[in-house]
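What's in start.csv: CSV, N, CA and C atoms
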chain,number,residue,atom,x,y,z
A,1432,MET,N,13.8,-14.5,21.5
A,1432,MET,CA,12.4,-14.4,21.1
A,1432,MET,C,12.3,-13.8,19.8
A,1433,LYS,N,13.1,-12.7,19.6
A,1433,LYS,CA,13.0,-12.0,18.3
A,1433,LYS,C,13.5,-12.8,17.2
A,1434,ILE,N,14.5,-13.6,17.4
A,1434,ILE,CA,15.1,-14.5,16.4
A,1434,ILE,C,14.1,-15.6,16.0
A,1435,LYS,N,13.4,-16.2,17.0
A,1435,LYS,CA,12.4,-17.2,16.7
A,1435,LYS,C,11.2,-16.6,15.9
A,1436,THR,N,10.8,-15.4,16.2
A,1436,THR,CA,9.7,-14.7,15.5
A,1436,THR,C,10.2,-14.5,14.0
A,1437,LEU,N,11.4,-14.0,13.9
A,1437,LEU,CA,12.0,-13.7,12.6
A,1437,LEU,C,12.0,-15.0,11.8
A,1438,LEU,N,12.5,-16.1,12.3
A,1438,LEU,CA,12.6,-17.4,11.6
A,1438,LEU,C,11.2,-17.9,11.2
A,1439,ALA,N,10.3,-17.8,12.1
A,1439,ALA,CA,8.9,-18.2,11.9
A,1439,ALA,C,8.3,-17.5,10.7
A,1440,VAL,N,8.4,-16.1,10.7
A,1440,VAL,CA,7.8,-15.3,9.7
A,1440,VAL,C,8.5,-15.6,8.4
A,1441,SER,N,9.9,-15.7,8.4
A,1441,SER,CA,10.6,-16.0,7.2
A,1441,SER,C,10.2,-17.4,6.6
A,1442,ALA,N,10.0,-18.4,7.4
A,1442,ALA,CA,9.6,-19.7,7.0
A,1442,ALA,C,8.2,-19.6,6.3
A,1443,LEU,N,7.3,-18.9,6.9
A,1443,LEU,CA,6.0,-18.7,6.4
A,1443,LEU,C,6.0,-18.1,5.0
A,1444,ALA,N,6.8,-17.0,4.8
A,1444,ALA,CA,6.9,-16.4,3.6
A,1444,ALA,C,7.5,-17.3,2.5
A,1445,LEU,N,8.5,-18.1,2.9
A,1445,LEU,CA,9.1,-19.0,1.9
A,1445,LEU,C,8.2,-20.2,1.5
A,1446,ALA,N,7.2,-20.5,2.4
A,1446,ALA,CA,6.3,-21.6,2.1
A,1446,ALA,C,5.2,-21.2,1.3
A,1447,LEU,N,4.9,-19.9,1.1
A,1447,LEU,CA,3.8,-19.5,0.3
A,1447,LEU,C,4.0,-19.8,-1.2
A,1448,PRO,N,3.0,-20.1,-1.9
A,1448,PRO,CA,3.1,-20.4,-3.4
A,1448,PRO,C,3.4,-19.1,-4.1
A,1449,MET,N,4.4,-19.1,-5.0
A,1449,MET,CA,4.8,-17.9,-5.7
A,1449,MET,C,4.5,-18.0,-7.2
A,1450,THR,N,3.3,-18.4,-7.6
A,1450,THR,CA,3.0,-18.6,-9.0
A,1450,THR,C,2.2,-17.4,-9.5
A,1451,ALA,N,0.9,-17.5,-9.6
A,1451,ALA,CA,0.1,-16.5,-10.2
A,1451,ALA,C,0.2,-15.2,-9.4
A,1452,GLN,N,0.5,-15.2,-8.1
A,1452,GLN,CA,0.5,-14.0,-7.3
A,1452,GLN,C,1.9,-13.4,-7.2
A,1453,ALA,N,2.8,-13.7,-8.0
A,1453,ALA,CA,4.2,-13.3,-7.9
A,1453,ALA,C,4.4,-11.8,-7.8
A,1454,GLN,N,3.7,-11.1,-8.6
A,1454,GLN,CA,3.8,-9.6,-8.6
A,1454,GLN,C,3.3,-9.0,-7.3
A,1455,GLY,N,2.2,-9.5,-6.8
A,1455,GLY,CA,1.7,-9.0,-5.5
A,1455,GLY,C,2.7,-9.4,-4.4
A,1456,THR,N,3.3,-10.5,-4.5
A,1456,THR,CA,4.3,-10.9,-3.5
A,1456,THR,C,5.5,-10.0,-3.5
A,1457,LEU,N,6.0,-9.7,-4.7
A,1457,LEU,CA,7.2,-8.8,-4.8
A,1457,LEU,C,6.9,-7.4,-4.3
A,1458,ARG,N,5.7,-6.9,-4.7
A,1458,ARG,CA,5.3,-5.5,-4.3
A,1458,ARG,C,5.1,-5.5,-2.8
A,1459,GLY,N,4.5,-6.5,-2.3
A,1459,GLY,CA,4.3,-6.6,-0.8
A,1459,GLY,C,5.6,-6.7,-0.1
A,1460,ALA,N,6.5,-7.5,-0.6
A,1460,ALA,CA,7.8,-7.6,0.1
A,1460,ALA,C,8.6,-6.3,0.1
A,1461,GLU,N,8.5,-5.7,-1.1
A,1461,GLU,CA,9.2,-4.4,-1.2
A,1461,GLU,C,8.7,-3.3,-0.2
A,1462,ARG,N,7.4,-3.2,-0.2
A,1462,ARG,CA,6.7,-2.2,0.7
A,1462,ARG,C,7.0,-2.6,2.2
A,1463,GLY,N,6.9,-3.9,2.5
A,1463,GLY,CA,7.1,-4.4,3.9
A,1463,GLY,C,8.5,-4.2,4.3
A,1464,ALA,N,9.4,-4.4,3.5
A,1464,ALA,CA,10.8,-4.2,3.8
A,1464,ALA,C,11.1,-2.8,4.1
A,1465,GLN,N,10.6,-1.9,3.3
A,1465,GLN,CA,10.8,-0.5,3.5
A,1465,GLN,C,10.2,0.0,4.8
A,1466,ASP,N,9.0,-0.4,5.0
A,1466,ASP,CA,8.3,0.0,6.2
A,1466,ASP,C,9.0,-0.5,7.5
A,1467,GLY,N,9.4,-1.8,7.4
A,1467,GLY,CA,10.1,-2.4,8.5
A,1467,GLY,C,11.5,-1.7,8.8
A,1468,ALA,N,12.2,-1.4,7.7
A,1468,ALA,CA,13.5,-0.7,7.9
A,1468,ALA,C,13.3,0.6,8.5
A,1469,ASP,N,12.3,1.4,8.1
A,1469,ASP,CA,12.0,2.7,8.7
A,1469,ASP,C,11.7,2.6,10.2
A,1470,ALA,N,11.0,1.5,10.5
A,1470,ALA,CA,10.6,1.4,11.9
A,1470,ALA,C,11.6,0.7,12.8
A,1471,ALA,N,12.4,-0.2,12.3
A,1471,ALA,CA,13.3,-1.0,13.2
A,1471,ALA,C,14.6,-1.4,12.6
A,1472,GLY,N,15.0,-0.7,11.5
A,1472,GLY,CA,16.4,-0.9,11.0
A,1472,GLY,C,16.4,-2.2,10.2
A,1473,PRO,N,17.6,-2.8,10.1
A,1473,PRO,CA,17.8,-4.0,9.3
A,1473,PRO,C,17.0,-5.2,9.6
A,1474,VAL,N,16.8,-5.5,10.9
A,1474,VAL,CA,16.0,-6.6,11.4
A,1474,VAL,C,14.5,-6.3,11.0
A,1475,GLY,N,14.1,-5.1,11.2
A,1475,GLY,CA,12.7,-4.7,10.8
A,1475,GLY,C,12.5,-4.9,9.3
A,1476,ALA,N,13.5,-4.6,8.5
A,1476,ALA,CA,13.4,-4.8,7.0
A,1476,ALA,C,13.2,-6.3,6.7
A,1477,ILE,N,13.9,-7.2,7.4
A,1477,ILE,CA,13.8,-8.6,7.1
A,1477,ILE,C,12.4,-9.1,7.5
A,1478,VAL,N,11.9,-8.7,8.7
A,1478,VAL,CA,10.6,-9.1,9.1
A,1478,VAL,C,9.5,-8.5,8.2
A,1479,GLY,N,9.7,-7.2,8.0
A,1479,GLY,CA,8.7,-6.5,7.2
A,1479,GLY,C,8.6,-7.0,5.8
A,1480,GLY,N,9.7,-7.4,5.2
A,1480,GLY,CA,9.7,-8.0,3.9
A,1480,GLY,C,9.0,-9.3,3.8
A,1481,ALA,N,9.2,-10.2,4.8
A,1481,ALA,CA,8.5,-11.5,4.9
A,1481,ALA,C,7.0,-11.3,5.1
A,1482,VAL,N,6.6,-10.4,6.0
A,1482,VAL,CA,5.2,-10.2,6.2
A,1482,VAL,C,4.6,-9.5,5.0
A,1483,GLY,N,5.3,-8.6,4.4
A,1483,GLY,CA,4.8,-7.9,3.2
A,1483,GLY,C,4.6,-8.9,2.1
A,1484,ALA,N,5.5,-9.8,1.9
A,1484,ALA,CA,5.4,-10.9,0.9
A,1484,ALA,C,4.1,-11.7,1.1
A,1485,ALA,N,3.8,-12.1,2.3
A,1485,ALA,CA,2.6,-12.8,2.6
A,1485,ALA,C,1.4,-12.0,2.3
A,1486,THR,N,1.4,-10.8,2.7
A,1486,THR,CA,0.2,-9.9,2.5
A,1486,THR,C,0.0,-9.7,1.0
A,1487,GLY,N,1.1,-9.4,0.3
A,1487,GLY,CA,1.0,-9.2,-1.2
A,1487,GLY,C,0.5,-10.4,-1.9
A,1488,THR,N,0.9,-11.6,-1.5
A,1488,THR,CA,0.4,-12.8,-2.1
A,1488,THR,C,-1.1,-13.0,-1.9
A,1489,ILE,N,-1.5,-12.8,-0.7
A,1489,ILE,CA,-2.9,-12.9,-0.4
A,1489,ILE,C,-3.7,-11.9,-1.1
A,1490,GLY,N,-3.2,-10.7,-1.2
A,1490,GLY,CA,-4.0,-9.6,-1.7
A,1490,GLY,C,-4.0,-9.6,-3.2
A,1491,GLY,N,-3.2,-10.3,-3.9
A,1491,GLY,CA,-3.1,-10.3,-5.4
A,1491,GLY,C,-2.3,-9.2,-5.9
A,1492,ILE,N,-2.3,-9.0,-7.2
A,1492,ILE,CA,-1.5,-8.0,-7.9
A,1492,ILE,C,-1.9,-6.6,-7.4
A,1493,LEU,N,-3.2,-6.3,-7.5
A,1493,LEU,CA,-3.6,-5.0,-7.1
A,1493,LEU,C,-3.6,-4.8,-5.6
A,1494,GLY,N,-3.8,-5.8,-4.8
A,1494,GLY,CA,-3.9,-5.7,-3.4
A,1494,GLY,C,-5.3,-5.4,-3.0
A,1495,VAL,N,-5.6,-5.9,-1.8
A,1495,VAL,CA,-7.0,-5.8,-1.3
A,1495,VAL,C,-7.5,-4.4,-1.3
A,1496,GLU,N,-6.7,-3.5,-0.9
A,1496,GLU,CA,-7.2,-2.1,-0.7
A,1496,GLU,C,-7.5,-1.4,-2.1
A,1497,ASP,N,-6.9,-1.9,-3.2
A,1497,ASP,CA,-7.0,-1.3,-4.5
A,1497,ASP,C,-8.2,-1.9,-5.3
A,1498,ARG,N,-8.6,-3.0,-5.0
A,1498,ARG,CA,-9.6,-3.7,-5.8
A,1498,ARG,C,-10.9,-3.0,-5.9
A,1499,PRO,N,-11.6,-2.5,-4.8
A,1499,PRO,CA,-12.8,-1.8,-5.0
A,1499,PRO,C,-12.7,-0.5,-5.8
A,1500,ARG,N,-11.6,0.2,-5.6
A,1500,ARG,CA,-11.3,1.4,-6.3
A,1500,ARG,C,-11.1,1.1,-7.8
A,1501,PHE,N,-10.4,0.1,-8.1
A,1501,PHE,CA,-10.1,-0.3,-9.5
A,1501,PHE,C,-11.4,-0.7,-10.2
A,1502,ARG,N,-12.3,-1.5,-9.5
A,1502,ARG,CA,-13.6,-1.9,-10.1
A,1502,ARG,C,-14.4,-0.6,-10.4
A,1503,SER,N,-14.4,0.3,-9.5
A,1503,SER,CA,-15.1,1.6,-9.8
A,1503,SER,C,-14.5,2.3,-10.9
A,1504,TYR,N,-13.2,2.4,-11.0
A,1504,TYR,CA,-12.5,3.0,-12.1
A,1504,TYR,C,-13.0,2.4,-13.5
A,1505,VAL,N,-13.0,1.1,-13.5
A,1505,VAL,CA,-13.4,0.4,-14.8
A,1505,VAL,C,-14.9,0.7,-15.1
A,1506,ARG,N,-15.8,0.6,-14.1
A,1506,ARG,CA,-17.2,0.9,-14.3
A,1506,ARG,C,-17.4,2.3,-14.8
A,1507,GLU,N,-16.7,3.3,-14.2
A,1507,GLU,CA,-16.9,4.7,-14.6
A,1507,GLU,C,-16.5,4.9,-16.1
A,1508,ARG,N,-15.7,4.1,-16.7
A,1508,ARG,CA,-15.3,4.2,-18.0
A,1508,ARG,C,-16.2,3.5,-19.0
A,1509,ASN,N,-17.2,2.8,-18.5
A,1509,ASN,CA,-18.1,2.0,-19.3
A,1509,ASN,C,-17.4,1.2,-20.4
A,1510,VAL,N,-16.4,0.4,-19.9
A,1510,VAL,CA,-15.7,-0.5,-20.7
A,1510,VAL,C,-16.6,-1.6,-21.2
A,1511,ARG,N,-16.7,-1.8,-22.5
A,1511,ARG,CA,-17.5,-2.9,-23.0
A,1511,ARG,C,-17.0,-4.2,-22.7
A,1512,SER,N,-17.8,-5.1,-22.3
A,1512,SER,CA,-17.4,-6.5,-21.9
A,1512,SER,C,-17.3,-7.3,-23.1
A,1513,TYR,N,-16.2,-8.1,-23.1
A,1513,TYR,CA,-16.0,-9.1,-24.2
A,1513,TYR,C,-16.7,-10.4,-23.8
A,1514,ASP,N,-17.5,-11.0,-24.6
A,1514,ASP,CA,-18.2,-12.2,-24.4
A,1514,ASP,C,-17.2,-13.4,-24.7
A,1515,TYR,N,-16.9,-14.1,-23.7
A,1515,TYR,CA,-15.9,-15.2,-23.9
A,1515,TYR,C,-16.6,-16.5,-23.5
A,1516,ASP,N,-16.4,-17.5,-24.4
A,1516,ASP,CA,-17.0,-18.9,-24.1
A,1516,ASP,C,-16.2,-19.7,-23.1
A,1517,GLY,N,-15.0,-19.4,-23.0
A,1517,GLY,CA,-14.1,-20.2,-22.1
A,1517,GLY,C,-14.2,-19.8,-20.6
A,1518,ARG,N,-13.4,-20.4,-19.8
A,1518,ARG,CA,-13.3,-20.1,-18.4
A,1518,ARG,C,-12.6,-18.8,-18.2
A,1519,VAL,N,-13.1,-17.9,-17.4
A,1519,VAL,CA,-12.4,-16.6,-17.0
A,1519,VAL,C,-11.7,-16.9,-15.7
A,1520,ALA,N,-10.3,-17.2,-15.8
A,1520,ALA,CA,-9.5,-17.5,-14.7
A,1520,ALA,C,-8.1,-17.2,-14.9
A,1521,VAL,N,-7.3,-17.1,-13.9
A,1521,VAL,CA,-5.9,-16.8,-14.0
A,1521,VAL,C,-5.3,-17.9,-14.9
A,1522,GLY,N,-4.5,-17.5,-15.8
A,1522,GLY,CA,-3.8,-18.4,-16.7
A,1522,GLY,C,-4.5,-18.5,-18.1
A,1523,THR,N,-5.8,-18.1,-18.2
A,1523,THR,CA,-6.5,-18.2,-19.5
A,1523,THR,C,-5.8,-17.1,-20.4
A,1524,VAL,N,-5.6,-17.5,-21.7
A,1524,VAL,CA,-5.0,-16.6,-22.7
A,1524,VAL,C,-6.2,-16.1,-23.5
A,1525,LEU,N,-6.4,-14.8,-23.6
A,1525,LEU,CA,-7.5,-14.2,-24.4
A,1525,LEU,C,-7.0,-14.0,-25.8
A,1526,PRO,N,-7.9,-13.9,-26.7
A,1526,PRO,CA,-7.5,-13.6,-28.1
A,1526,PRO,C,-6.8,-12.3,-28.4
A,1527,ASN,N,-6.0,-12.2,-29.4
A,1527,ASN,CA,-5.4,-11.0,-29.8
A,1527,ASN,C,-6.3,-10.0,-30.4
A,1528,SER,N,-7.3,-10.5,-31.1
A,1528,SER,CA,-8.3,-9.6,-31.8
A,1528,SER,C,-9.7,-9.8,-31.2
A,1529,GLY,N,-10.5,-8.7,-31.3
A,1529,GLY,CA,-11.8,-8.7,-30.8
A,1529,GLY,C,-11.9,-8.3,-29.3
A,1530,VAL,N,-10.8,-8.2,-28.6
A,1530,VAL,CA,-10.8,-7.8,-27.2
A,1530,VAL,C,-10.0,-6.5,-27.2
A,1531,THR,N,-10.6,-5.5,-26.5
A,1531,THR,CA,-9.9,-4.2,-26.3
A,1531,THR,C,-9.2,-4.2,-25.0
A,1532,TYR,N,-7.9,-3.9,-25.0
A,1532,TYR,CA,-7.0,-3.9,-23.8
A,1532,TYR,C,-6.7,-2.5,-23.5
A,1533,TYR,N,-6.7,-2.1,-22.2
A,1533,TYR,CA,-6.5,-0.8,-21.7
A,1533,TYR,C,-5.3,-0.7,-20.8
A,1534,ASP,N,-4.6,0.4,-20.8
A,1534,ASP,CA,-3.5,0.6,-19.8
A,1534,ASP,C,-4.1,0.8,-18.4
A,1535,VAL,N,-3.4,0.3,-17.5
A,1535,VAL,CA,-3.8,0.5,-16.0
A,1535,VAL,C,-3.1,1.8,-15.6
A,1536,PRO,N,-3.8,2.7,-15.0
A,1536,PRO,CA,-3.2,3.9,-14.5
A,1536,PRO,C,-2.1,3.7,-13.5
A,1537,GLY,N,-1.1,4.5,-13.6
A,1537,GLY,CA,0.1,4.4,-12.7
A,1537,GLY,C,-0.2,4.4,-11.2
A,1538,GLU,N,-1.3,4.9,-10.8
A,1538,GLU,CA,-1.6,5.0,-9.4
A,1538,GLU,C,-1.9,3.6,-8.8
A,1539,TYR,N,-2.1,2.6,-9.6
A,1539,TYR,CA,-2.3,1.2,-9.1
A,1539,TYR,C,-1.0,0.4,-9.0
A,1540,SER,N,0.1,1.0,-9.4
A,1540,SER,CA,1.4,0.4,-9.2
A,1540,SER,C,1.5,-1.1,-9.6
A,1541,VAL,N,1.0,-1.4,-10.8
A,1541,VAL,CA,1.2,-2.7,-11.4
A,1541,VAL,C,2.4,-2.7,-12.3
A,1542,SER,N,2.9,-3.9,-12.6
A,1542,SER,CA,4.1,-4.0,-13.5
A,1542,SER,C,3.8,-3.4,-14.9
A,1543,ARG,N,4.9,-2.9,-15.4
A,1543,ARG,CA,4.8,-2.3,-16.8
A,1543,ARG,C,4.3,-3.4,-17.7
A,1544,GLY,N,3.5,-3.1,-18.6
A,1544,GLY,CA,2.9,-4.1,-19.6
A,1544,GLY,C,1.6,-4.7,-19.1
A,1545,THR,N,1.3,-4.5,-17.9
A,1545,THR,CA,0.0,-5.0,-17.4
A,1545,THR,C,-1.1,-4.2,-17.9
A,1546,ARG,N,-2.1,-4.8,-18.5
A,1546,ARG,CA,-3.3,-4.0,-19.0
A,1546,ARG,C,-4.5,-4.7,-18.4
A,1547,TYR,N,-5.7,-4.0,-18.7
A,1547,TYR,CA,-6.9,-4.6,-18.2
A,1547,TYR,C,-7.9,-4.6,-19.3
A,1548,THR,N,-8.9,-5.5,-19.1
A,1548,THR,CA,-10.1,-5.5,-20.0
A,1548,THR,C,-11.3,-6.1,-19.2
A,1549,VAL,N,-12.4,-6.2,-19.8
A,1549,VAL,CA,-13.6,-6.7,-19.1
A,1549,VAL,C,-14.0,-7.9,-19.9
A,1550,VAL,N,-14.1,-9.1,-19.2
A,1550,VAL,CA,-14.5,-10.3,-19.9
A,1550,VAL,C,-15.7,-10.9,-19.1
A,1551,ASN,N,-16.8,-11.1,-19.8
A,1551,ASN,CA,-18.0,-11.7,-19.2
A,1551,ASN,C,-18.4,-10.8,-18.0
A,1552,ASP,N,-18.3,-9.5,-18.1
A,1552,ASP,CA,-18.7,-8.5,-17.1
A,1552,ASP,C,-17.8,-8.6,-15.9
A,1553,ARG,N,-16.6,-9.1,-16.0
A,1553,ARG,CA,-15.6,-9.2,-14.9
A,1553,ARG,C,-14.3,-8.5,-15.3
A,1554,PRO,N,-13.9,-7.5,-14.6
A,1554,PRO,CA,-12.6,-6.9,-14.9
A,1554,PRO,C,-11.5,-7.9,-14.7
A,1555,VAL,N,-10.5,-7.9,-15.6
A,1555,VAL,CA,-9.3,-8.8,-15.4
A,1555,VAL,C,-8.1,-8.0,-15.8
A,1556,LEU,N,-7.0,-8.4,-15.2
A,1556,LEU,CA,-5.7,-7.9,-15.5
A,1556,LEU,C,-5.0,-8.9,-16.4
A,1557,VAL,N,-4.3,-8.4,-17.4
A,1557,VAL,CA,-3.6,-9.4,-18.4
A,1557,VAL,C,-2.2,-8.9,-18.5
A,1558,ASP,N,-1.3,-9.9,-18.9
A,1558,ASP,CA,0.1,-9.6,-19.1
A,1558,ASP,C,0.2,-9.2,-20.6
A,1559,GLY,N,1.5,-9.1,-21.1
A,1559,GLY,CA,1.7,-8.7,-22.5
A,1559,GLY,C,1.3,-9.7,-23.5
A,1560,ARG,N,1.1,-11.0,-23.0
A,1560,ARG,CA,0.7,-12.0,-24.0
A,1560,ARG,C,-0.8,-12.3,-23.9
A,1561,HIS,N,-1.5,-11.4,-23.2
A,1561,HIS,CA,-3.0,-11.4,-23.1
A,1561,HIS,C,-3.4,-12.6,-22.2
A,1562,ARG,N,-2.5,-13.0,-21.3
A,1562,ARG,CA,-2.9,-14.1,-20.3
A,1562,ARG,C,-3.4,-13.4,-19.1
A,1563,ILE,N,-4.6,-13.9,-18.6
A,1563,ILE,CA,-5.2,-13.3,-17.4
A,1563,ILE,C,-4.3,-13.6,-16.2
A,1564,ILE,N,-3.9,-12.5,-15.5
A,1564,ILE,CA,-3.0,-12.7,-14.3
A,1564,ILE,C,-3.8,-12.3,-13.0
A,1565,GLU,N,-5.0,-11.7,-13.2
A,1565,GLU,CA,-5.8,-11.5,-12.0
A,1565,GLU,C,-7.2,-11.2,-12.4
A,1566,VAL,N,-8.2,-11.9,-11.8
A,1566,VAL,CA,-9.6,-11.6,-12.0
A,1566,VAL,C,-10.0,-10.7,-10.8
A,1567,ILE,N,-10.6,-9.6,-11.1
A,1567,ILE,CA,-10.9,-8.6,-10.0
A,1567,ILE,C,-12.4,-8.9,-9.6
A,1568,GLU,N,-12.5,-9.6,-8.5
A,1568,GLU,CA,-13.9,-10.0,-8.0
A,1568,GLU,C,-14.4,-8.9,-7.2
Mind turning this structure into C-alpha cells?
Amino acid sequence: MKIKTLLAVSALALALPMTAQAQGTLRGAERGAQDGADAAGPVGAIVGGAVGAATGTIGGILGVEDRPRFRSYVRERNVRSYDYDGRVAVGTVLPNSGVTYYDVPGEYSVSRGTRYTVVNDRPVLVDGRHRIIEVIE
C-alpha cells in the first residue's frame, strides 16, 4: 500500500508543468523532503518531496501563505506603480529604464536576483532580465 501511494504521488509530481513555477516547485520539494525525512526517514523524504513539489507549483514562487503578507509589505512602502501599455503576465519583459526595481526581503526566501516592482497597480516579481516571473494577485 505504501509503495502504491509513493508511486502515485511521484507520478503526480512528475506530471506537473515545470515552467513558470519552477522556483516554487523546487522550494516546495526541498521543504517537503526535509519535513518528510524528519517525520518518516528516507521514504518520508521521497513522499514529502513529491507532495512539496506539487504544493510549491500550485502556490507559485512566494507560496500561498506569503502572498498576502508580501502585498501588505509592498503597500506599506508606497511603491509607485509603473504604467505599462502591454499585458501584465508571467513572461512579459519590462523595460530597463523607467521602472524601479526593488530587492525582495530575505524573509520571503525567493531566489537570488529576484526583485519586485509594481506594474499597473499590481505587484510583480521579476528575474534579472526584468522578465515577470510572478504576478501577485
Shortest interatomic distance to Arg1553 in chain A - which of A:Arg1508, A:Arg1500, A:Gly1494, A:Tyr1513, counting all atoms listed in the file
A:Tyr1513
For Arg1562 in chain A: contacts at 6.5 Å, only N, CA and C atoms, fewer than 5 positions along chain excluded, given as a count of residues only:
7
Interatomic distance, CA of Val1566 in chain A to CA of Val1535 in chain A (Å, one decimal):
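CA of Val1566 in chain A sits 14.0 Å away from CA of Val1535 in chain A.
Taking atom N of Gly1559 in chain A and atom N of Asn1509 in chain A as the two end points, the separation is 22.3 Å.
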Between atom C of Val1530 in chain A and CA of His1561 in chain A, what is the spacing in Å?
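It comes out at 9.5 Å.
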Let me make sure I understand: among A:Ser1503, A:Glu1496, A:Asp1558, A:Gly1529, which one has the smallest atom-to-atom distance to Arg1546 in chain A if we use all atoms listed in the file?
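Looking at the shortest contact to Arg1546 in chain A, the residue is A:Asp1558.
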